[in-house]
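Accompanying notes for the structure given below.
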Amino acid sequence: SCRKSAPHLPLMQSATTNSVSWQSLKQWAQEQGIESTLLQLKDFGGGLRGMEATKDVAKGDILVAVPDKAVLRVIVSGKGEDKSSVPKRLGRGFISDGLWNELEWWSKLAVLLMWEKGQGRSSSEPSSRQVWLSSLPSSMRT
């Protein structure tokens, strides 16, 4: 018997075209003060995108410097209740303190990404990370 192979599909699908997305992302990174002298954005083809070293990388080299204002982070506290003010900052009804405290760090990051993407923001307060968010894959083959 003859088996047909699946059509070639990219591993990741972006919401915008790569050339537009990359140029916008580069400009956004510069405006945010994100610096890298050893890496550059790269489209590897087949839906694979990422960073490529432009020089040899030595132990201790700083690959990317990102100022606090551009960081999307979850701070994991020690044992006990997370005293984070994130649920209050996200707005009333987006996520309760109790649920936030029960989530693993990666789930908290997913909540922040959804909020940044517009799930919990009003259109009068656009995310300063919108360009970065639009450069992320919109789907991924597994």
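Ordering of the structure tokens sets the chain letters (A, B, ...); residue numbers start at 1 within each chain; ligands are numbered from 1 in the order shown.
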
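Every protein or nucleic acid residue with an atom no more than 12 Å from Lys108 in chain A, counting only C-alpha atoms and leaving out same-chain residues fewer than 2 positions away, appears here: Leu72, Arg73, Val74, Ile75, Val76, Asp82, Ser84, Val86, Pro87, Leu90, Ile95, Ser96, Asp97, Leu99, Trp100, Asn101, Glu102, Leu103, Glu104, Trp105, Trp106, Ala110, Val111, Leu112, Leu113, Met114 and Trp115 of chain A.
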
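Proximity to Leu136 in chain A was assessed for A:Ile62, A:Leu38, A:Leu48, A:Ala53 counting only C-alpha atoms; the smallest distance is recorded for A:Leu48.
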
Identify all residues of range 30-140 of chain A in strand (DSSP E) (DSSP on the backbone) and supply them as an mmCIF file with C-alpha atoms, in the first residue's frame.
```
data_model
loop_
_atom_site.group_PDB
_atom_site.id
_atom_site.type_symbol
_atom_site.label_atom_id
_atom_site.label_comp_id
_atom_site.auth_asym_id
_atom_site.auth_seq_id
_atom_site.Cartn_x
_atom_site.Cartn_y
_atom_site.Cartn_z
ATOM 1 C CA LEU A 39 22.309 37.900 18.498
ATOM 2 C CA GLN A 40 20.010 38.867 15.656
ATOM 3 C CA LEU A 41 16.445 37.945 14.724
ATOM 4 C CA LYS A 42 16.378 35.148 12.168
ATOM 5 C CA ASP A 43 13.771 33.403 10.024
ATOM 6 C CA PHE A 44 15.094 29.843 9.652
ATOM 7 C CA GLY A 45 12.366 28.834 7.172
ATOM 8 C CA LEU A 48 10.945 28.403 12.546
ATOM 9 C CA ARG A 49 11.947 31.806 13.848
ATOM 10 C CA GLY A 50 14.296 32.831 16.592
ATOM 11 C CA MET A 51 17.656 34.336 17.372
ATOM 12 C CA GLU A 52 20.975 33.561 15.706
ATOM 13 C CA ALA A 53 24.446 34.267 17.073
ATOM 14 C CA PRO A 137 3.108 32.399 16.804
ATOM 15 C CA SER A 138 -0.682 32.271 16.628
ATOM 16 C CA SER A 139 -0.636 28.473 16.353
ATOM 17 C CA MET A 140 1.839 25.625 16.611
#
```

Open item on the list: DSSP on the backbone: which residues in range 23-122 of chain A end up as alpha helix (DSSP H)? Give the answer as number ranges by chain.
Closed with: A: 23-32, 86-90, 97-102, 105-114

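Interatomic distance, CA of Lys26 in chain A against CA of Asp68 in chain A: 17.8 Å.
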
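Of note, CA of Ile34 in chain A and CA of Val66 in chain A are spaced 4.7 Å apart.
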
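Neighbouring residues of Ala65 in chain A at 9 Å or closer, counting only C-alpha atoms and skipping chain neighbours under 4 positions away, are A:Gly33, A:Ile34, A:Glu35, A:Ser36.
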
Write out the residues from the selection above, keeping N, CA and C atoms, as an mmCIF file, in the first residue's frame.
```cif
data_model
loop_
_atom_site.group_PDB
_atom_site.id
_atom_site.type_symbol
_atom_site.label_atom_id
_atom_site.label_comp_id
_atom_site.auth_asym_id
_atom_site.auth_seq_id
_atom_site.Cartn_x
_atom_site.Cartn_y
_atom_site.Cartn_z
ATOM 1 N N GLY A 33 14.667 49.803 24.473
ATOM 2 C CA GLY A 33 16.012 49.760 25.041
ATOM 3 C C GLY A 33 16.580 48.350 25.137
ATOM 4 N N ILE A 34 16.000 47.414 24.413
ATOM 5 C CA ILE A 34 16.493 46.036 24.399
ATOM 6 C C ILE A 34 17.734 45.994 23.508
ATOM 7 N N GLU A 35 18.817 45.443 24.042
ATOM 8 C CA GLU A 35 20.086 45.452 23.319
ATOM 9 C C GLU A 35 20.677 44.053 23.211
ATOM 10 N N SER A 36 21.277 43.797 22.072
ATOM 11 C CA SER A 36 22.016 42.556 21.867
ATOM 12 C C SER A 36 23.077 42.799 20.810
#
```

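You can rank A:Gly46, A:Phe94, A:Ser135, A:Val57 by their closest distance to Gly118 in chain A using only C-alpha atoms, and at the top of that list sits A:Phe94.
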